[in-house]
Amino acid sequence: MAVEIGFPPATARAAPRRESPSPIEVLKPTVAAFLGRAERGPVNEPIVITSLDDYRKVFGGHCGFGFLSHAVHHYFMNGGTHAIVVRLVNGARRAEIDVPAGDGFLRLRARRPGSAEHLRVSVDYDGLEREGPRFNLVVQRVSRPGSSLVEDQELYPALSMSSDDARFVVDALKDSKLVALLGPLPSQRPDATSPAHPGQAIPYVDCTRPGSDGEELTDYDIVGSNREGTGLFALDRAERIDFLCLPPPPGRDLGTTTFVAAERYCERRRALLIWDPPWAWRTADAALLGVRAAGLTSPNTLTYFPRLRPRAELGRFPHGLPASGALAGLLAAAARDGVWRSDADVRLSTALSTAADVGPKEGARLHRFGVNTLSRGPGGNVRLHGRVCLEPSRTVPAAWGLLDLRRTVLFVLGSIERATQWMTRASIDAAACARLVEQVRDFFAELHGRGAFPAAKAEQAFFLRVTRRHAAGPDAVVTLRFGFAPLDAGRFEVYEIDYGAGFAKTRAVPPLEGSVSDRPSR
């Protein structure tokens, strides 16, 4: 299947130039992307976080309508270090504040929807006695209504209601991260919120109409719009993702539409979808029947059984919690020395246990159908068994359903595609081709040196060559063909990337066309 790698129009129109390509990194931190409902925060914006504290500052804490926060928590608990979170909503409403202004109101609305956006404002005229009809505005977000714990604050001094003024309130609030103006302006400045008696605390105007969290997400909310950059496509603004996690809400499964869209998105981004199983999978037998009935297959997907439960709260989640975040963290930690490290120890945090038991025979049957298993070992440690993609062994050779092999293939393809984008802006000539070959050959050589390929000799581990069509002018196209052998010496996975002005297209080469006999001499 061919995968088109698109670039912004401005880049595509840029004049060809000579570039010195950067080395392709062999070891880089794993990035896991999480989508779902959160207590608060920006909507359809990919936010980079590196800790649970980062998440709490932006998105709040645990909430009863979703498991996104738990998944992120488990990710960092189990060794993850870099995450991207996208908050999604369905019909959520933003809070509004009516600030009295004579016989009218200065109407403000929260920038972000949700019931946890507890905003309040105060107005005073301090220090403005000689400034005419100006006012100072303070906007605060507090932890809960009536609380004195301020989580965020913005100050706007010497504002004016006049559009000719440099401190016009409309212009000043354009960059606010807390509120936006709503409706027409009142005819006069807002009334001061002064205390009734000296020494009393400054009063605030609280939300007139609170926000709401909306309804459960639908498939359409999660898939989103490519044109508008919402849902899954909000991740297009992230340079790289390695895992995609979509933790479902309590007691509700995500639809097949979401699965298909997420799997295809992962294929394009060279990422792995960690798919949480249906809530009906409460026993190993139910999981086996469920996976056979669903008929879902994908080499870019990992699924598992059973779900997890926190040891300290075994009674709180009787049917368990989605484990996608925990597995993403575990696999991220195991990949610190390379995604190809199949011998890495894969144990979950001791704070987590399983929601059901899986015996060796049951586990082996599930593995054959592409389902990984989690089981408790000595000391209560939970381990991942199977290490397979959602590719039943009856449909592909058993070895090619291995998780580590697929991750290696995705890593190699994604790394080369991202690092060689400079070719879409370069002058297509012999010098550019030589730089391209050198860049990719150095990458493969380092991978080989670090043990990513089992072959002892480099010529049995990888090969590459470049050809040019329409060798000059705007229609010039360069094709990079490369093969690498992550499983057995000389057993190559072969791909081609076509580079032209502003585009690159990758396609897999069928086995016969990409056999070892096709490899040029070195």
# chains A, B, ... in the order shown; residues from 1 in each chain; ligands from 1

call {"tool": "select_by_dssp", "arguments": {"residues": "stretch 219-364 of chain A", "states": "strand (DSSP E or B)", "output": "ChimeraX atom specification"}}
result
/A:243-245,272-274,298,301-305,308-310,321,347,352-354

call {"tool": "select_by_dssp", "arguments": {"residues": "stretch 403-522 of chain A", "states": "helix (DSSP H, G or I)", "output": "ChimeraX atom specification"}}
result
/A:403-419,421-424,430-449,458-460,516-518

call {"tool": "closest_residue", "arguments": {"among": "A:Ile202, A:Ala293, A:Leu246, A:Ala333", "to": "A:Val72", "atoms": "only C-alpha atoms"}}
result
A:Leu246

call {"tool": "closest_residue", "arguments": {"among": "A:Pro510, A:Arg469, A:Asn44, A:Leu178", "to": "A:Glu228", "atoms": "only C-alpha atoms"}}
result
A:Asn44

call {"tool": "closest_atom_pairs", "arguments": {"of": "stretch 294-413 of chain A", "to": "stretch 444-453 of chain A", "cutoff": "8 Å", "atoms": "only C-alpha atoms", "output": "CSV"}}
result
residue,atom,partner,partner_atom,distance
A:Gly338,CA,A:Ala452,CA,7.7
A:Trp340,CA,A:Ala452,CA,5.7
A:Arg341,CA,A:Ala452,CA,7.8
A:Thr408,CA,A:Ala452,CA,8.0

call {"tool": "residues_around", "arguments": {"residues": "A:Val339", "least_positions_apart": "6", "cutoff": "10 Å", "atoms": "only C-alpha atoms", "output": "list in words"}}
result
Val26, Leu27, Lys28, Thr30, Leu331, Ala332, Ala333, Leu403, Asp404, Leu405, Arg406, Arg407, Thr408, Val409, Leu410, Phe411, Val412 and Ala452 of chain A

call {"tool": "write_last_selection", "arguments": {"atoms": "N, CA, C and O atoms", "output": "PDB file, in the first residue's frame"}}
result
ATOM      1  N   VAL A  26      18.800   7.081  16.143  1.00  0.00           N
ATOM      2  CA  VAL A  26      18.508   5.666  16.343  1.00  0.00           C
ATOM      3  C   VAL A  26      17.796   5.439  17.674  1.00  0.00           C
ATOM      4  O   VAL A  26      16.918   4.579  17.776  1.00  0.00           O
ATOM      5  N   LEU A  27      18.164   6.208  18.682  1.00  0.00           N
ATOM      6  CA  LEU A  27      17.528   6.102  19.988  1.00  0.00           C
ATOM      7  C   LEU A  27      16.827   7.420  20.286  1.00  0.00           C
ATOM      8  O   LEU A  27      17.457   8.476  20.326  1.00  0.00           O
ATOM      9  N   LYS A  28      15.550   7.365  20.472  1.00  0.00           N
ATOM     10  CA  LYS A  28      14.770   8.554  20.796  1.00  0.00           C
ATOM     11  C   LYS A  28      13.640   8.152  21.727  1.00  0.00           C
ATOM     12  O   LYS A  28      13.160   7.009  21.689  1.00  0.00           O
ATOM     13  N   THR A  30      10.122   7.391  23.313  1.00  0.00           N
ATOM     14  CA  THR A  30       8.825   7.016  22.778  1.00  0.00           C
ATOM     15  C   THR A  30       7.800   8.096  23.111  1.00  0.00           C
ATOM     16  O   THR A  30       7.793   8.647  24.211  1.00  0.00           O
ATOM     17  N   LEU A 331       6.016  -0.469  27.330  1.00  0.00           N
ATOM     18  CA  LEU A 331       6.745  -0.644  26.069  1.00  0.00           C
ATOM     19  C   LEU A 331       7.690   0.525  25.804  1.00  0.00           C
ATOM     20  O   LEU A 331       8.741   0.351  25.188  1.00  0.00           O
ATOM     21  N   ALA A 332       7.323   1.722  26.260  1.00  0.00           N
ATOM     22  CA  ALA A 332       8.221   2.864  26.118  1.00  0.00           C
ATOM     23  C   ALA A 332       9.482   2.653  26.942  1.00  0.00           C
ATOM     24  O   ALA A 332      10.600   2.945  26.484  1.00  0.00           O
ATOM     25  N   ALA A 333       9.315   2.161  28.169  1.00  0.00           N
ATOM     26  CA  ALA A 333      10.476   1.903  29.019  1.00  0.00           C
ATOM     27  C   ALA A 333      11.357   0.807  28.433  1.00  0.00           C
ATOM     28  O   ALA A 333      12.599   0.895  28.458  1.00  0.00           O
ATOM     29  N   LEU A 403       5.177  -8.474  17.906  1.00  0.00           N
ATOM     30  CA  LEU A 403       5.098  -7.053  18.223  1.00  0.00           C
ATOM     31  C   LEU A 403       6.425  -6.352  17.999  1.00  0.00           C
ATOM     32  O   LEU A 403       6.472  -5.272  17.398  1.00  0.00           O
ATOM     33  N   ASP A 404       7.532  -6.941  18.466  1.00  0.00           N
ATOM     34  CA  ASP A 404       8.829  -6.274  18.342  1.00  0.00           C
ATOM     35  C   ASP A 404       9.244  -6.107  16.884  1.00  0.00           C
ATOM     36  O   ASP A 404       9.835  -5.091  16.521  1.00  0.00           O
ATOM     37  N   LEU A 405       8.909  -7.095  16.056  1.00  0.00           N
ATOM     38  CA  LEU A 405       9.234  -6.986  14.642  1.00  0.00           C
ATOM     39  C   LEU A 405       8.456  -5.845  14.001  1.00  0.00           C
ATOM     40  O   LEU A 405       9.013  -5.029  13.258  1.00  0.00           O
ATOM     41  N   ARG A 406       7.157  -5.776  14.303  1.00  0.00           N
ATOM     42  CA  ARG A 406       6.342  -4.715  13.704  1.00  0.00           C
ATOM     43  C   ARG A 406       6.788  -3.350  14.180  1.00  0.00           C
ATOM     44  O   ARG A 406       6.827  -2.389  13.404  1.00  0.00           O
ATOM     45  N   ARG A 407       7.140  -3.237  15.455  1.00  0.00           N
ATOM     46  CA  ARG A 407       7.613  -1.950  15.967  1.00  0.00           C
ATOM     47  C   ARG A 407       8.913  -1.542  15.292  1.00  0.00           C
ATOM     48  O   ARG A 407       9.137  -0.353  15.018  1.00  0.00           O
ATOM     49  N   THR A 408       9.784  -2.495  15.012  1.00  0.00           N
ATOM     50  CA  THR A 408      11.028  -2.173  14.320  1.00  0.00           C
ATOM     51  C   THR A 408      10.748  -1.652  12.924  1.00  0.00           C
ATOM     52  O   THR A 408      11.333  -0.650  12.490  1.00  0.00           O
ATOM     53  N   VAL A 409       9.827  -2.315  12.206  1.00  0.00           N
ATOM     54  CA  VAL A 409       9.479  -1.874  10.854  1.00  0.00           C
ATOM     55  C   VAL A 409       8.897  -0.464  10.884  1.00  0.00           C
ATOM     56  O   VAL A 409       9.285   0.415  10.097  1.00  0.00           O
ATOM     57  N   LEU A 410       7.965  -0.207  11.800  1.00  0.00           N
ATOM     58  CA  LEU A 410       7.364   1.122  11.899  1.00  0.00           C
ATOM     59  C   LEU A 410       8.394   2.174  12.259  1.00  0.00           C
ATOM     60  O   LEU A 410       8.378   3.294  11.726  1.00  0.00           O
ATOM     61  N   PHE A 411       9.302   1.832  13.156  1.00  0.00           N
ATOM     62  CA  PHE A 411      10.333   2.779  13.571  1.00  0.00           C
ATOM     63  C   PHE A 411      11.250   3.140  12.408  1.00  0.00           C
ATOM     64  O   PHE A 411      11.560   4.315  12.177  1.00  0.00           O
ATOM     65  N   VAL A 412      11.691   2.132  11.663  1.00  0.00           N
ATOM     66  CA  VAL A 412      12.589   2.387  10.535  1.00  0.00           C
ATOM     67  C   VAL A 412      11.896   3.249   9.484  1.00  0.00           C
ATOM     68  O   VAL A 412      12.445   4.258   9.015  1.00  0.00           O
ATOM     69  N   ALA A 452      20.022  -4.281  15.900  1.00  0.00           N
ATOM     70  CA  ALA A 452      18.641  -4.279  15.427  1.00  0.00           C
ATOM     71  C   ALA A 452      18.388  -5.346  14.378  1.00  0.00           C
ATOM     72  O   ALA A 452      17.250  -5.805  14.209  1.00  0.00           O
TER      73      ALA A 452
END

call {"tool": "residues_around", "arguments": {"residues": "stretch 104-115 of chain A", "least_positions_apart": "3", "cutoff": "6 Å", "atoms": "only C-alpha atoms", "output": "count of residues only"}}
result
21

call {"tool": "residues_around", "arguments": {"residues": "stretch 372-388 of chain A", "least_positions_apart": "5", "cutoff": "6 Å", "atoms": "only C-alpha atoms", "output": "number ranges by chain"}}
result
A: 304-305, 346-348, 350, 367, 401-403

call {"tool": "write_last_selection", "arguments": {"atoms": "C-alpha atoms", "output": "mmCIF file, in the first residue's frame"}}
result
data_model
loop_
_atom_site.group_PDB
_atom_site.id
_atom_site.type_symbol
_atom_site.label_atom_id
_atom_site.label_comp_id
_atom_site.auth_asym_id
_atom_site.auth_seq_id
_atom_site.Cartn_x
_atom_site.Cartn_y
_atom_site.Cartn_z
ATOM 1 C CA TYR A 304 -4.869 -7.525 25.356
ATOM 2 C CA PHE A 305 -6.799 -9.278 28.129
ATOM 3 C CA VAL A 346 8.264 -6.226 30.767
ATOM 4 C CA ARG A 347 6.712 -5.978 34.208
ATOM 5 C CA LEU A 348 4.040 -3.489 35.186
ATOM 6 C CA THR A 350 3.461 -3.266 41.476
ATOM 7 C CA HIS A 367 -2.023 -15.348 21.527
ATOM 8 C CA GLY A 401 2.848 -11.124 13.856
ATOM 9 C CA LEU A 402 5.461 -10.396 16.515
ATOM 10 C CA LEU A 403 5.098 -7.053 18.223
#

call {"tool": "residues_around", "arguments": {"residues": "A:Ser143", "least_positions_apart": "2", "cutoff": "10 Å", "atoms": "only C-alpha atoms", "output": "list in words"}}
result
Gly60, Ala116, Glu117, His118, Leu119, Gln140, Arg141, Pro145, Gly146, Ser147, Ser148, Leu149, Val150, Glu151 and Asp152 of chain A

call {"tool": "write_last_selection", "arguments": {"atoms": "N, CA, C and O atoms", "output": "PDB file, in the first residue's frame"}}
result
ATOM      1  N   GLY A  60      -6.662  18.909  34.585  1.00  0.00           N
ATOM      2  CA  GLY A  60      -7.336  18.572  35.823  1.00  0.00           C
ATOM      3  C   GLY A  60      -7.030  17.157  36.286  1.00  0.00           C
ATOM      4  O   GLY A  60      -6.061  16.529  35.857  1.00  0.00           O
ATOM      5  N   ALA A 116     -15.708  22.249  35.198  1.00  0.00           N
ATOM      6  CA  ALA A 116     -14.613  22.543  36.127  1.00  0.00           C
ATOM      7  C   ALA A 116     -13.963  23.893  35.868  1.00  0.00           C
ATOM      8  O   ALA A 116     -13.011  24.239  36.559  1.00  0.00           O
ATOM      9  N   GLU A 117     -14.473  24.649  34.888  1.00  0.00           N
ATOM     10  CA  GLU A 117     -13.943  25.992  34.639  1.00  0.00           C
ATOM     11  C   GLU A 117     -14.667  26.970  35.567  1.00  0.00           C
ATOM     12  O   GLU A 117     -15.620  27.636  35.179  1.00  0.00           O
ATOM     13  N   HIS A 118     -14.199  27.037  36.796  1.00  0.00           N
ATOM     14  CA  HIS A 118     -14.808  27.916  37.801  1.00  0.00           C
ATOM     15  C   HIS A 118     -14.115  29.274  37.731  1.00  0.00           C
ATOM     16  O   HIS A 118     -13.035  29.464  38.294  1.00  0.00           O
ATOM     17  N   LEU A 119     -14.738  30.213  37.035  1.00  0.00           N
ATOM     18  CA  LEU A 119     -14.141  31.529  36.812  1.00  0.00           C
ATOM     19  C   LEU A 119     -14.850  32.599  37.651  1.00  0.00           C
ATOM     20  O   LEU A 119     -16.036  32.470  37.974  1.00  0.00           O
ATOM     21  N   GLN A 140      -9.912  35.233  37.356  1.00  0.00           N
ATOM     22  CA  GLN A 140      -9.310  34.116  38.081  1.00  0.00           C
ATOM     23  C   GLN A 140     -10.063  32.822  37.795  1.00  0.00           C
ATOM     24  O   GLN A 140     -11.279  32.834  37.583  1.00  0.00           O
ATOM     25  N   ARG A 141      -9.299  31.735  37.802  1.00  0.00           N
ATOM     26  CA  ARG A 141      -9.907  30.404  37.815  1.00  0.00           C
ATOM     27  C   ARG A 141      -9.597  29.795  39.170  1.00  0.00           C
ATOM     28  O   ARG A 141      -8.430  29.747  39.586  1.00  0.00           O
ATOM     29  N   PRO A 145     -16.310  26.487  43.179  1.00  0.00           N
ATOM     30  CA  PRO A 145     -17.057  27.696  43.526  1.00  0.00           C
ATOM     31  C   PRO A 145     -16.890  28.059  45.004  1.00  0.00           C
ATOM     32  O   PRO A 145     -16.965  27.191  45.880  1.00  0.00           O
ATOM     33  N   GLY A 146     -16.633  29.333  45.261  1.00  0.00           N
ATOM     34  CA  GLY A 146     -16.464  29.799  46.628  1.00  0.00           C
ATOM     35  C   GLY A 146     -15.092  29.578  47.211  1.00  0.00           C
ATOM     36  O   GLY A 146     -14.801  30.001  48.330  1.00  0.00           O
ATOM     37  N   SER A 147     -14.196  28.899  46.467  1.00  0.00           N
ATOM     38  CA  SER A 147     -12.855  28.605  46.970  1.00  0.00           C
ATOM     39  C   SER A 147     -11.956  29.827  46.851  1.00  0.00           C
ATOM     40  O   SER A 147     -12.132  30.670  45.970  1.00  0.00           O
ATOM     41  N   SER A 148     -10.990  29.932  47.764  1.00  0.00           N
ATOM     42  CA  SER A 148      -9.975  30.985  47.679  1.00  0.00           C
ATOM     43  C   SER A 148      -8.686  30.473  47.045  1.00  0.00           C
ATOM     44  O   SER A 148      -7.710  31.223  46.953  1.00  0.00           O
ATOM     45  N   LEU A 149      -8.680  29.204  46.614  1.00  0.00           N
ATOM     46  CA  LEU A 149      -7.499  28.619  45.978  1.00  0.00           C
ATOM     47  C   LEU A 149      -7.505  28.981  44.492  1.00  0.00           C
ATOM     48  O   LEU A 149      -8.285  28.453  43.711  1.00  0.00           O
ATOM     49  N   VAL A 150      -6.624  29.901  44.109  1.00  0.00           N
ATOM     50  CA  VAL A 150      -6.559  30.393  42.737  1.00  0.00           C
ATOM     51  C   VAL A 150      -5.607  29.516  41.927  1.00  0.00           C
ATOM     52  O   VAL A 150      -4.430  29.379  42.268  1.00  0.00           O
ATOM     53  N   GLU A 151      -6.121  28.915  40.854  1.00  0.00           N
ATOM     54  CA  GLU A 151      -5.303  28.054  39.996  1.00  0.00           C
ATOM     55  C   GLU A 151      -4.678  28.823  38.838  1.00  0.00           C
ATOM     56  O   GLU A 151      -3.636  28.431  38.317  1.00  0.00           O
ATOM     57  N   ASP A 152      -5.322  29.880  38.392  1.00  0.00           N
ATOM     58  CA  ASP A 152      -4.790  30.687  37.291  1.00  0.00           C
ATOM     59  C   ASP A 152      -5.366  32.093  37.415  1.00  0.00           C
ATOM     60  O   ASP A 152      -6.459  32.283  37.962  1.00  0.00           O
TER      61      ASP A 152
END

call {"tool": "atom_distance", "arguments": {"atom1": "atom CA of A:Ala284", "atom2": "atom CA of A:Asp219"}}
result
27.3 Å
